[in-house]
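Trainee: To be precise about what I am sending: the file is called structure-v9.txt and holds compact mmCIF, C-alpha atoms.
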# COMPACT_ATOMS: atom_id res chain seq x y z
CA MET A 1 69.21 -71.54 -32.86
CA GLN A 2 65.90 -73.32 -33.26
CA ALA A 3 66.36 -75.18 -30.05
CA GLY A 4 67.27 -71.92 -28.28
CA ILE A 5 64.32 -70.11 -29.71
CA ALA A 6 61.99 -72.92 -28.77
CA GLU A 7 63.35 -72.82 -25.29
CA VAL A 8 62.91 -69.07 -25.04
CA ARG A 9 59.31 -69.25 -26.32
CA GLU A 10 58.46 -72.13 -24.06
CA VAL A 11 59.30 -70.29 -20.85
CA PRO A 12 56.69 -67.46 -21.27
CA GLU A 13 54.03 -70.00 -22.17
CA LYS A 14 54.64 -71.93 -18.96
CA ARG A 15 54.58 -68.72 -16.82
CA GLN A 16 51.32 -67.55 -18.38
CA THR A 17 49.67 -70.91 -17.85
CA ALA A 18 50.89 -71.22 -14.30
CA SER A 19 49.79 -67.66 -13.14
CA THR A 20 46.35 -67.22 -14.84
CA PRO A 21 44.10 -68.43 -11.94
CA GLN A 22 45.97 -66.30 -9.46
CA LEU A 23 45.73 -63.23 -11.70
CA ARG A 24 42.01 -63.71 -12.10
CA ARG A 25 41.50 -64.11 -8.36
CA GLY A 26 43.56 -60.95 -7.71
CA ALA A 27 41.63 -58.94 -10.28
CA ARG A 28 38.32 -60.04 -8.81
CA ALA A 29 39.51 -59.10 -5.34
CA ARG A 30 40.64 -55.69 -6.54
CA HIS A 31 37.34 -55.09 -8.33
CA ALA A 32 35.38 -56.15 -5.24
CA GLY A 33 37.41 -53.79 -3.08
CA LEU A 34 36.85 -50.92 -5.47
CA ARG A 35 33.12 -51.63 -5.53
CA ALA A 36 33.00 -51.72 -1.72
CA CYS A 37 34.88 -48.43 -1.51
CA GLY A 38 32.49 -46.92 -4.04
CA PHE A 39 29.43 -48.06 -2.10
CA LEU A 40 30.90 -46.75 1.14
CA LEU A 41 31.75 -43.39 -0.44
CA PHE A 42 28.23 -43.15 -1.90
CA ALA A 43 26.72 -43.87 1.50
CA LEU A 44 28.92 -41.27 3.21
CA LEU A 45 28.27 -38.49 0.69
CA PRO A 46 25.09 -37.16 2.40
CA LEU A 47 26.83 -37.14 5.78
CA LEU A 48 29.87 -35.39 4.35
CA ALA A 49 27.67 -32.87 2.60
CA ALA A 50 25.69 -32.24 5.78
CA ARG A 51 28.88 -31.64 7.75
CA ALA A 52 30.23 -29.36 5.07
CA SER A 53 27.03 -27.22 4.77
CA PRO A 54 25.66 -25.11 7.66
CA PRO A 55 22.21 -26.21 8.97
CA THR A 56 19.19 -24.40 7.47
CA PRO A 57 17.75 -22.03 10.10
CA ALA A 58 14.13 -22.58 11.17
CA PRO A 59 11.71 -19.98 9.75
CA ALA A 60 10.98 -17.09 12.10
CA PRO A 61 7.55 -17.19 13.80
CA THR A 62 4.89 -15.06 12.12
CA PRO A 63 4.24 -11.91 14.18
CA LEU A 64 0.86 -11.46 15.83
CA THR A 65 -0.83 -8.06 15.59
CA PHE A 66 -2.62 -6.63 18.64
CA GLY A 67 -5.18 -3.88 17.97
CA ILE A 68 -5.75 -1.31 20.73
CA LEU A 69 -8.95 0.62 21.40
CA PRO A 70 -8.02 4.31 21.25
CA ILE A 71 -7.82 5.66 24.81
CA GLY A 72 -6.38 9.16 24.76
CA GLY A 73 -3.96 9.41 21.84
CA PRO A 74 -2.70 6.48 19.74
CA ALA A 75 0.94 6.99 20.76
CA GLU A 76 -0.03 7.10 24.42
CA SER A 77 -2.01 3.85 24.07
CA LEU A 78 0.90 2.09 22.37
CA THR A 79 3.27 3.14 25.14
CA ALA A 80 0.89 2.02 27.87
CA TRP A 81 0.29 -1.44 26.38
CA ARG A 82 3.85 -2.21 25.29
CA PRO A 83 5.12 -3.75 28.58
CA MET A 84 2.30 -6.28 28.67
CA LEU A 85 2.67 -7.08 24.98
CA ASP A 86 6.40 -7.65 25.46
CA ASP A 87 5.52 -10.18 28.16
CA MET A 88 3.05 -11.81 25.77
CA SER A 89 5.70 -12.07 23.06
CA HIS A 90 8.09 -13.72 25.51
CA ALA A 91 5.44 -16.16 26.76
CA LEU A 92 4.29 -17.14 23.26
CA ARG A 93 7.83 -17.11 21.80
CA GLN A 94 6.35 -15.12 18.95
CA PRO A 95 6.67 -11.42 18.04
CA VAL A 96 3.65 -9.30 18.99
CA ARG A 97 3.19 -6.06 17.07
CA SER A 98 0.66 -3.42 18.07
CA ILE A 99 -1.47 -0.90 16.24
CA SER A 100 -3.47 1.91 17.78
CA VAL A 101 -5.58 4.24 15.71
CA SER A 102 -7.18 7.57 16.53
CA THR A 103 -10.74 6.46 15.78
CA TYR A 104 -13.07 3.54 16.43
CA GLU A 105 -13.73 3.38 12.70
CA GLY A 106 -10.01 2.97 12.02
CA LEU A 107 -9.82 -0.04 14.33
CA ALA A 108 -13.06 -1.44 12.90
CA GLN A 109 -11.54 -1.23 9.41
CA ALA A 110 -8.35 -2.99 10.55
CA LEU A 111 -10.49 -5.80 12.01
CA ASN A 112 -12.57 -6.03 8.86
CA GLU A 113 -9.47 -6.24 6.67
CA GLU A 114 -8.03 -9.01 8.89
CA ARG A 115 -4.98 -6.94 9.77
CA VAL A 116 -5.50 -7.68 13.46
CA ASP A 117 -5.17 -11.04 15.23
CA ILE A 118 -6.00 -9.94 18.78
CA ALA A 119 -7.74 -6.75 19.89
CA PHE A 120 -8.84 -4.83 22.97
CA VAL A 121 -12.19 -3.29 22.01
CA SER A 122 -15.40 -1.83 23.41
CA GLY A 123 -18.47 -4.04 23.58
CA ARG A 124 -20.12 -2.50 20.51
CA LEU A 125 -17.00 -2.79 18.38
CA ALA A 126 -16.57 -6.36 19.61
CA LEU A 127 -20.16 -7.12 18.56
CA GLN A 128 -19.35 -6.01 15.02
CA ALA A 129 -16.08 -7.95 15.01
CA VAL A 130 -17.81 -11.13 16.17
CA THR A 131 -20.75 -10.97 13.76
CA LEU A 132 -18.90 -9.71 10.69
CA ASP A 133 -15.17 -10.28 11.07
CA ARG A 134 -14.76 -13.85 12.32
CA MET A 135 -13.50 -12.90 15.78
CA GLN A 136 -14.41 -14.37 19.17
CA VAL A 137 -14.44 -12.94 22.70
CA ILE A 138 -11.95 -14.65 25.03
CA ALA A 139 -11.73 -12.29 28.01
CA GLN A 140 -13.22 -9.20 29.65
CA LEU A 141 -11.39 -6.41 31.43
CA THR A 142 -11.48 -6.24 35.22
CA ARG A 143 -10.55 -3.10 37.16
CA GLY A 144 -8.62 -2.56 40.35
CA ASP A 145 -11.69 -1.23 42.17
CA GLY A 146 -13.56 -4.49 41.54
CA SER A 147 -16.27 -2.80 39.45
CA HIS A 148 -18.22 -4.82 36.91
CA GLY A 149 -18.54 -1.94 34.49
CA TYR A 150 -18.59 1.82 34.09
CA ASN A 151 -21.13 4.58 33.38
CA ALA A 152 -21.64 7.03 30.56
CA VAL A 153 -21.94 10.65 31.66
CA LEU A 154 -22.86 14.05 30.28
CA LEU A 155 -20.37 16.76 31.24
CA VAL A 156 -20.94 20.50 31.59
CA ARG A 157 -18.84 23.30 33.02
CA ARG A 158 -19.12 23.79 36.76
CA ASP A 159 -20.62 27.25 36.18
CA SER A 160 -23.09 26.05 33.49
CA PRO A 161 -26.76 27.05 33.75
CA LEU A 162 -27.62 23.40 33.02
CA HIS A 163 -28.45 21.41 36.16
CA SER A 164 -30.54 18.54 34.78
CA VAL A 165 -31.44 16.74 31.59
CA ALA A 166 -34.77 18.58 31.73
CA ASP A 167 -32.90 21.90 31.52
CA LEU A 168 -31.06 20.56 28.46
CA LEU A 169 -34.17 19.36 26.67
CA ARG A 170 -36.13 22.57 27.23
CA LYS A 171 -34.03 24.40 24.64
CA PRO A 172 -33.69 22.43 21.40
CA GLY A 173 -31.35 23.99 18.86
CA HIS A 174 -29.62 26.05 21.54
CA TRP A 175 -26.70 24.11 23.00
CA ARG A 176 -23.35 23.07 21.51
CA TYR A 177 -22.75 19.33 21.85
CA ALA A 178 -19.66 17.10 21.65
CA ARG A 179 -20.01 13.32 21.44
CA GLY A 180 -18.04 10.21 20.53
CA GLU A 181 -18.13 8.17 17.35
CA ALA A 182 -21.14 6.06 16.44
CA LEU A 183 -19.33 2.90 17.62
CA SER A 184 -18.49 4.40 21.03
CA VAL A 185 -20.73 2.88 23.70
CA SER A 186 -20.43 5.63 26.31
CA GLY A 187 -19.62 8.39 23.83
CA TYR A 188 -22.71 7.87 21.69
CA LEU A 189 -24.82 4.70 21.93
CA VAL A 190 -25.85 4.77 25.60
CA PRO A 191 -26.58 8.53 25.86
CA GLU A 192 -28.41 8.38 22.54
CA THR A 193 -30.52 5.44 23.69
CA GLN A 194 -31.26 6.51 27.26
CA ILE A 195 -31.69 10.27 26.76
CA PHE A 196 -32.65 11.05 23.19
CA ALA A 197 -34.15 8.02 21.43
CA SER A 198 -36.31 7.29 24.46
CA ARG A 199 -37.93 10.70 23.86
CA ASN A 200 -38.13 10.27 20.08
CA LEU A 201 -35.24 12.70 19.63
CA ASP A 202 -32.02 12.53 17.62
CA SER A 203 -29.00 14.27 19.15
CA ASP A 204 -27.59 15.08 15.72
CA THR A 205 -30.59 17.30 14.98
CA PHE A 206 -31.49 18.40 18.52
CA PHE A 207 -28.41 20.55 19.18
CA ALA A 208 -27.25 23.75 17.53
CA THR A 209 -23.88 22.16 16.70
CA VAL A 210 -22.45 18.67 17.08
CA ALA A 211 -18.70 17.89 17.26
CA ILE A 212 -17.33 14.33 17.19
CA ASP A 213 -14.06 13.50 18.95
CA ASN A 214 -12.54 11.21 21.58
CA HIS A 215 -13.37 11.38 25.30
CA GLN A 216 -10.28 13.37 26.26
CA ASN A 217 -10.74 16.07 23.65
CA ASN A 218 -14.47 16.35 24.36
CA ALA A 219 -13.81 16.88 28.07
CA LEU A 220 -11.22 19.53 27.23
CA ALA A 221 -13.72 21.23 24.91
CA VAL A 222 -16.23 21.56 27.77
CA ALA A 223 -13.61 22.75 30.25
CA ASN A 224 -12.39 25.39 27.78
CA GLY A 225 -15.90 26.62 26.97
CA GLU A 226 -15.82 25.45 23.35
CA VAL A 227 -19.00 23.35 23.78
CA ASP A 228 -21.79 23.37 26.37
CA VAL A 229 -22.21 19.65 26.99
CA ALA A 230 -20.30 16.50 26.06
CA THR A 231 -20.47 12.75 26.53
CA ASN A 232 -17.84 10.83 28.49
CA ASN A 233 -17.61 8.00 31.03
CA THR A 234 -16.61 7.45 34.64
CA ALA A 235 -13.50 5.39 33.84
CA ASP A 236 -12.07 7.93 31.40
CA MET A 237 -12.85 10.79 33.76
CA GLU A 238 -10.61 9.21 36.42
CA ARG A 239 -7.79 9.18 33.92
CA PHE A 240 -8.64 12.73 32.77
CA ALA A 241 -8.43 13.97 36.38
CA GLN A 242 -4.88 12.62 36.66
CA HIS A 243 -3.65 14.12 33.39
CA PHE A 244 -5.59 17.41 33.40
CA PRO A 245 -6.37 18.31 37.03
CA ASP A 246 -6.99 22.01 36.31
CA GLN A 247 -9.45 21.32 33.51
CA PHE A 248 -11.11 18.53 35.51
CA ALA A 249 -11.81 21.00 38.31
CA ARG A 250 -13.93 23.08 35.89
CA LEU A 251 -16.25 20.17 35.06
CA ARG A 252 -19.49 18.86 36.52
CA VAL A 253 -21.49 15.69 35.76
CA LEU A 254 -24.99 16.50 34.52
CA TRP A 255 -26.26 12.94 33.97
CA THR A 256 -25.10 9.36 34.65
CA SER A 257 -26.23 6.24 32.77
CA THR A 258 -26.92 2.73 33.95
CA LEU A 259 -23.93 0.38 34.28
CA ILE A 260 -22.10 -0.58 31.05
CA PRO A 261 -20.05 -3.82 30.97
CA HIS A 262 -16.29 -3.45 30.56
CA ALA A 263 -14.35 -3.76 27.29
CA VAL A 264 -13.28 -7.18 26.01
CA ILE A 265 -10.45 -8.92 24.16
CA VAL A 266 -11.25 -10.69 20.90
CA VAL A 267 -9.12 -13.16 18.91
CA ARG A 268 -9.34 -14.40 15.33
CA ARG A 269 -11.09 -17.74 15.01
CA ASP A 270 -8.78 -19.02 12.27
CA LEU A 271 -5.57 -18.78 14.29
CA ASP A 272 -3.68 -22.02 14.83
CA PRO A 273 -5.48 -23.76 17.75
CA ALA A 274 -2.26 -24.14 19.74
CA VAL A 275 -1.42 -20.45 19.33
CA ARG A 276 -4.99 -19.50 20.17
CA GLN A 277 -4.95 -21.54 23.38
CA ALA A 278 -1.60 -20.05 24.37
CA ILE A 279 -3.06 -16.55 23.92
CA VAL A 280 -6.09 -17.39 26.07
CA SER A 281 -3.89 -18.86 28.81
CA PHE A 282 -1.61 -15.83 28.81
CA ILE A 283 -4.40 -13.23 28.82
CA THR A 284 -6.53 -14.84 31.54
CA GLY A 285 -3.52 -15.68 33.70
CA TYR A 286 -1.73 -12.34 33.39
CA ALA A 287 -1.39 -10.53 36.75
CA ARG A 288 -3.35 -13.38 38.37
CA THR A 289 -1.00 -16.36 38.56
CA GLY A 290 2.74 -17.02 38.50
CA PRO A 291 5.78 -15.47 40.17
CA HIS A 292 5.46 -12.01 38.59
CA VAL A 293 1.90 -11.01 39.59
CA ALA A 294 2.93 -7.79 41.39
CA ALA A 295 5.07 -6.56 38.48
CA GLU A 296 2.36 -7.46 35.97
CA LEU A 297 -0.27 -5.56 37.97
CA GLU A 298 1.91 -2.46 37.83
CA LYS A 299 2.14 -2.78 34.06
CA LEU A 300 -1.65 -3.08 33.74
CA LYS A 301 -2.25 0.00 35.90
CA ARG A 302 -0.38 2.06 33.31
CA ILE A 303 -3.03 1.15 30.75
CA HIS A 304 -6.30 2.08 32.46
CA ASP A 305 -6.18 0.87 36.07
CA ILE A 306 -6.76 -2.65 34.77
CA SER A 307 -6.39 -5.47 37.31
CA GLY A 308 -6.59 -8.34 34.82
CA PHE A 309 -8.82 -10.14 32.34
CA ALA A 310 -11.54 -12.62 33.29
CA ALA A 311 -12.32 -15.47 30.92
CA ALA A 312 -15.41 -14.65 28.84
CA GLY A 313 -17.23 -15.64 25.67
CA ASN A 314 -19.44 -13.97 23.11
CA SER A 315 -22.39 -14.03 25.52
CA ALA A 316 -20.69 -11.09 27.30
CA LEU A 317 -21.84 -8.98 24.34
CA ALA A 318 -25.56 -9.56 24.93
CA PRO A 319 -26.00 -6.19 26.74
CA PHE A 320 -24.58 -4.37 23.72
CA ALA A 321 -26.94 -6.25 21.40
CA ASP A 322 -29.77 -5.02 23.65
CA ILE A 323 -28.55 -1.42 23.29
CA ASP A 324 -28.60 -1.75 19.50
CA TYR A 325 -32.08 -3.25 19.66
CA GLN A 326 -33.48 -0.45 21.83
CA LEU A 327 -31.93 2.24 19.66
CA ASP A 328 -33.18 0.67 16.40
CA ARG A 329 -36.67 0.19 17.82
CA ARG A 330 -37.01 3.74 19.15
CA ARG A 331 -35.72 5.17 15.89
CA ALA A 332 -38.27 3.13 13.99
CA LEU A 333 -41.06 4.41 16.23
CA SER A 334 -40.01 8.02 15.66
CA ALA A 335 -39.76 7.70 11.86
CA GLN A 336 -42.47 8.40 9.29
CA TRP A 337 -44.12 5.33 7.72
CA VAL A 338 -46.47 4.92 4.80
CA SER A 339 -48.78 2.76 6.89
CA PRO A 340 -49.09 1.14 10.33
CA ALA A 341 -48.42 -2.20 8.63
CA ALA A 342 -45.05 -0.97 7.35
CA LEU A 343 -44.06 0.15 10.83
CA GLU A 344 -45.18 -3.18 12.30
CA ALA A 345 -43.15 -5.08 9.70
CA ARG A 346 -40.06 -3.03 10.55
CA LEU A 347 -40.49 -3.57 14.28
CA GLN A 348 -40.96 -7.31 13.72
CA LYS A 349 -37.76 -7.52 11.68
CA ILE A 350 -35.81 -5.64 14.36
CA ALA A 351 -37.13 -8.03 17.01
CA ASN A 352 -36.36 -11.14 14.94
CA ASP A 353 -32.83 -9.97 14.12
CA HIS A 354 -32.21 -9.25 17.79
CA ARG A 355 -33.47 -12.66 18.86
CA ARG A 356 -31.27 -14.46 16.33
CA LEU A 357 -28.23 -12.43 17.39
CA LEU A 358 -28.74 -13.28 21.06
CA GLN A 359 -29.07 -16.97 20.18
CA GLN A 360 -25.82 -16.79 18.18
CA LEU A 361 -23.95 -15.06 21.01
CA ARG A 362 -25.15 -17.42 23.73
CA ALA A 363 -24.52 -20.56 21.66
CA ASP A 364 -20.90 -19.64 20.89
CA LYS A 365 -18.67 -21.03 23.63
CA PRO A 366 -15.22 -19.52 24.37
Using the file provided, produce a representation of the structure as structure tokens.
Mentor:
Amino acid sequence: MQAGIAEVREVPEKRQTASTPQLRRGARARHAGLRACGFLLFALLPLLAARASPPTPAPAPTPLTFGILPIGGPAESLTAWRPMLDDMSHALRQPVRSISVSTYEGLAQALNEERVDIAFVSGRLALQAVTLDRMQVIAQLTRGDGSHGYNAVLLVRRDSPLHSVADLLRKPGHWRYARGEALSVSGYLVPETQIFASRNLDSDTFFATVAIDNHQNNALAVANGEVDVATNNTADMERFAQHFPDQFARLRVLWTSTLIPHAVIVVRRDLDPAVRQAIVSFITGYARTGPHVAAELEKLKRIHDISGFAAAGNSALAPFADIDYQLDRRRALSAQWVSPAALEARLQKIANDHRRLLQQLRADKP
């Protein structure tokens, strides 16, 4: 039994001794393989996760907001501008929203509150936007007739007893007057400067009554006999003749101003430079270059017989700065002052402010 037991015990001991190096080499190989598989799986995890998860969509471009000078009614202006703005959105690959308000003051407030990125505005409103609201002129309207501007007018009924400005001025406190807002160049600033302030008069106190409205409604008021005289301009009267031929036939022009430069387009200075340059290229090239010039011209004619936009800078606003200067100076001369020295100080300040403004406008390149 002892010999048998010894023999039985001896066999396992020999097998264990003989197989130990091979077992160790096999274990190391298995461990190495497992480690390699683990490293490979770890490296593939991001790729597997990426394939399993849908790609994150790129953020949508921020919409641009285009402010529109009120011509006629706000809804009419929005409809007229929409085809061009759709083309702009396509060219920029960025949504372009539009806002049109019923008053100049409403658009001025939107500019001041930085709710507008691009805007089509009159020269006086542009001057305020440039000096106060961090905007810059990039282009100026051109018309199909090739004109470099338009004229303010005074309208009366065809059967009116008024035949000249002299007839108007002979009867202070007698006539009913309709004018535009204080920011309207042809509706207020130019007639006020060239007719009233130049004679040390103020239209708001000269007439029996004064109504303030847009060009269209003021022309209708004259045609319908609700007022005796109203401000307007040659460009808007062309449009009025198309929309209201019967009322237009009842009107007559009493007075015409000197030439007023066309409206401009302004853009925010703090826009991304690439976006800003794309806007400038689109505006100044629209209806002028490319394969769709004829179609684009038709779209512009719906707005206000516009033929395009010429490149321009803030220096285009110098004539409107001059209008402000003349009006401020003539008002100062007609006011009451405690002494000649006080008047002289006021006139000197007006002149200095005007000079600095012109320097600012001419130094600012588009």
Trainee: Report the distance between CA of Thr193 (chain A) and CA of Ala166 (chain A) in Å, rounded to one decimal place.
Mentor: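 CA of Ala166 (chain A) lies at a distance of 16.0 Å from CA of Thr193 (chain A).
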Trainee: Between CA of Gln360 (chain A) and CA of Tyr150 (chain A), what distance in Å does the model show, to one decimal?
Mentor: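 Distance reported for this atom pair: 25.5 Å.
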Trainee: Dump as a tab-separated table the rows for residues of region 83-202 of chain A within 12 Å of region 240-264 of chain A: closest atom pair and distance in Å with one decimal, all atoms listed in the file counted, ordered by chain and rising residue number.
Mentor:
residue	atom	partner	partner_atom	distance
A:Ile118	CA	A:Val264	CA	10.6
A:Ala119	CA	A:Val264	CA	8.3
A:Phe120	CA	A:Val264	CA	5.9
A:Val121	CA	A:Val264	CA	5.7
A:Ser122	CA	A:Ala263	CA	4.5
A:Gly123	CA	A:Ala263	CA	5.6
A:Arg124	CA	A:Ala263	CA	9.0
A:Leu125	CA	A:Ala263	CA	9.3
A:Ala126	CA	A:Val264	CA	7.2
A:Leu127	CA	A:Val264	CA	10.1
A:Ala129	CA	A:Val264	CA	11.4
A:Val130	CA	A:Val264	CA	11.5
A:Met135	CA	A:Val264	CA	11.7
A:Gln136	CA	A:Val264	CA	10.0
A:Val137	CA	A:Val264	CA	6.7
A:Ile138	CA	A:Val264	CA	7.7
A:Ala139	CA	A:Val264	CA	5.7
A:Gln140	CA	A:Val264	CA	4.2
A:Leu141	CA	A:Ala263	CA	5.7
A:Thr142	CA	A:His262	CA	7.3
A:Arg143	CA	A:His262	CA	8.8
A:Gly146	CA	A:His262	CA	11.4
A:Ser147	CA	A:His262	CA	8.9
A:His148	CA	A:Pro261	CA	6.3
A:Gly149	CA	A:Pro261	CA	4.3
A:Tyr150	CA	A:Ile260	CA	5.2
A:Asn151	CA	A:Leu259	CA	5.1
A:Ala152	CA	A:Ser257	CA	5.2
A:Val153	CA	A:Thr256	CA	4.5
A:Leu154	CA	A:Trp255	CA	5.1
A:Leu155	CA	A:Val253	CA	4.8
A:Val156	CA	A:Arg252	CA	5.4
A:Arg157	CA	A:Leu251	CA	4.5
A:Arg158	CA	A:Leu251	CA	4.9
A:Asp159	CA	A:Arg250	CA	7.9
A:Ser160	CA	A:Arg252	CA	8.6
A:Pro161	CA	A:Leu254	CA	10.7
A:Leu162	CA	A:Leu254	CA	7.5
A:His163	CA	A:Leu254	CA	6.2
A:Ser164	CA	A:Leu254	CA	5.9
A:Val165	CA	A:Trp255	CA	6.9
A:Ala166	CA	A:Leu254	CA	10.4
A:Asp167	CA	A:Leu254	CA	10.0
A:Leu168	CA	A:Leu254	CA	9.5
A:Ser184	CA	A:Ala263	CA	11.1
A:Val185	CA	A:Ile260	CA	8.2
A:Ser186	CA	A:Ile260	CA	8.0
A:Gly187	CA	A:Ser257	CA	11.3
A:Tyr188	CA	A:Ser257	CA	11.7
A:Leu189	CA	A:Ile260	CA	10.9
A:Val190	CA	A:Ser257	CA	7.3
A:Pro191	CA	A:Ser257	CA	7.3
A:Glu192	CA	A:Ser257	CA	10.7
A:Thr193	CA	A:Ser257	CA	10.1
A:Gln194	CA	A:Ser257	CA	7.5
A:Ile195	CA	A:Ser257	CA	9.1
Trainee: Go ahead and compute the interatomic distance for CA of Ala219 (chain A) and CA of Tyr325 (chain A), in Å to one decimal.
Mentor: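 Taking CA of Ala219 (chain A) and CA of Tyr325 (chain A), their separation equals 28.5 Å.
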Trainee: Please tabulate, as CSV, the residues of region 218-278 of chain A that come within 12 Å of region 86-103 of chain A, each with its closest pair of atoms and the distance in Å to one decimal, counting all atoms listed in the file and ordering rows by chain, then residue number upward.
Mentor:
residue,atom,partner,partner_atom,distance
A:Ala274,CA,A:Leu92,CA,10.2
A:Val275,CA,A:Leu92,CA,7.7
A:Arg276,CA,A:Leu92,CA,10.1
A:Gln277,CA,A:Leu92,CA,10.2
A:Ala278,CA,A:Leu92,CA,6.7
Trainee: Taking only C-alpha atoms into account, name the residue in A:Ala75, A:Asp202, A:Trp175, A:His215 that is nearest to Val227 (chain A).
Mentor: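 The shortest atom-to-atom distance to Val227 (chain A) comes from A:Trp175.
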Trainee: For Lys349 (chain A), which residue among A:Ala363, A:Val116, A:Ala332, A:Ile212 is the nearest when counting only C-alpha atoms?
Mentor: A:Ala332
Trainee: Out of A:Ile303, A:Ala223, A:Ala341, A:Ala197, which residue has the shortest atom-to-atom distance to Arg329 (chain A) when counting all atoms listed in the file?
Mentor: A:Ala197
Trainee: List the neighbours of His304 (chain A) out to 9 Å using all atoms listed in the file; skip same-chain residues closer than 5 positions along the sequence, and give me the result as a PyMOL selection string.
Mentor: chain A and resi 71+80+143+235-236+239
Trainee: Write out, as a PDB file, in the frame of the given file, the residues just selected, with C-alpha atoms.
Mentor:
ATOM      1  CA  ILE A  71      -7.820   5.660  24.810  1.00  0.00           C
ATOM      2  CA  ALA A  80       0.890   2.020  27.870  1.00  0.00           C
ATOM      3  CA  ARG A 143     -10.550  -3.100  37.160  1.00  0.00           C
ATOM      4  CA  ALA A 235     -13.500   5.390  33.840  1.00  0.00           C
ATOM      5  CA  ASP A 236     -12.070   7.930  31.400  1.00  0.00           C
ATOM      6  CA  ARG A 239      -7.790   9.180  33.920  1.00  0.00           C
TER       7      ARG A 239
END
Trainee: Considering all atoms listed in the file, can you say which of A:Met84, A:Ala345, A:Leu183, A:Ser77 comes closest to Ile283 (chain A)?
Mentor: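 When distances to Ile283 (chain A) are compared using all atoms listed in the file, the smallest one comes from A:Met84.
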Trainee: Could you put an axis-aligned box around every listed atom of region 221-226 of chain A, padded by 8 Å on each side, and send me its centre and edge lengths in Å to one decimal, as JSON?
Mentor:
{"center_x": -14.3, "center_y": 23.9, "center_z": 26.8, "size_x": 19.8, "size_y": 21.4, "size_z": 22.9}
Trainee: Which residue out of A:Ala178, A:Pro61, A:Asp364, A:Asp328 has the minimum interatomic distance to Ala351 (chain A) when all atoms listed in the file are used?
Mentor: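 Comparing A:Ala178, A:Pro61, A:Asp364, A:Asp328 against Ala351 (chain A), the winner is A:Asp328.
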Trainee: Which residue is closest to Asp117 (chain A)? Choose from A:Thr62, A:Asn200, A:Thr79, A:Thr131 and count all atoms listed in the file.
Mentor: A:Thr62
Trainee: Output region 252-264 of chain A as an mmCIF file, keeping the file's coordinate frame, making sure N, CA and C atoms are there.
Mentor:
data_model
loop_
_atom_site.group_PDB
_atom_site.id
_atom_site.type_symbol
_atom_site.label_atom_id
_atom_site.label_comp_id
_atom_site.auth_asym_id
_atom_site.auth_seq_id
_atom_site.Cartn_x
_atom_site.Cartn_y
_atom_site.Cartn_z
ATOM 1 N N ARG A 252 -18.442 19.395 35.661
ATOM 2 C CA ARG A 252 -19.490 18.860 36.520
ATOM 3 C C ARG A 252 -20.264 17.818 35.732
ATOM 4 N N VAL A 253 -20.691 16.739 36.403
ATOM 5 C CA VAL A 253 -21.490 15.690 35.760
ATOM 6 C C VAL A 253 -22.957 16.089 35.799
ATOM 7 N N LEU A 254 -23.575 16.140 34.629
ATOM 8 C CA LEU A 254 -24.990 16.500 34.520
ATOM 9 C C LEU A 254 -25.899 15.276 34.600
ATOM 10 N N TRP A 255 -25.426 14.152 34.061
ATOM 11 C CA TRP A 255 -26.260 12.940 33.970
ATOM 12 C C TRP A 255 -25.363 11.711 33.982
ATOM 13 N N THR A 256 -25.842 10.622 34.592
ATOM 14 C CA THR A 256 -25.100 9.360 34.650
ATOM 15 C C THR A 256 -25.993 8.227 34.169
ATOM 16 N N SER A 257 -25.456 7.345 33.345
ATOM 17 C CA SER A 257 -26.230 6.240 32.770
ATOM 18 C C SER A 257 -26.286 5.050 33.714
ATOM 19 N N THR A 258 -26.977 4.014 33.280
ATOM 20 C CA THR A 258 -26.920 2.730 33.950
ATOM 21 C C THR A 258 -25.543 2.093 33.681
ATOM 22 N N LEU A 259 -25.245 1.005 34.381
ATOM 23 C CA LEU A 259 -23.930 0.380 34.280
ATOM 24 C C LEU A 259 -23.708 -0.236 32.893
ATOM 25 N N ILE A 260 -22.510 -0.029 32.351
ATOM 26 C CA ILE A 260 -22.100 -0.580 31.050
ATOM 27 C C ILE A 260 -21.005 -1.609 31.292
ATOM 28 N N PRO A 261 -21.108 -2.823 30.765
ATOM 29 C CA PRO A 261 -20.050 -3.820 30.970
ATOM 30 C C PRO A 261 -18.714 -3.349 30.374
ATOM 31 N N HIS A 262 -17.629 -3.846 30.973
ATOM 32 C CA HIS A 262 -16.290 -3.450 30.560
ATOM 33 C C HIS A 262 -15.950 -3.933 29.147
ATOM 34 N N ALA A 263 -14.863 -3.376 28.615
ATOM 35 C CA ALA A 263 -14.350 -3.760 27.290
ATOM 36 C C ALA A 263 -13.842 -5.205 27.319
ATOM 37 N N VAL A 264 -13.655 -5.762 26.136
ATOM 38 C CA VAL A 264 -13.280 -7.180 26.010
ATOM 39 C C VAL A 264 -12.068 -7.333 25.097
#
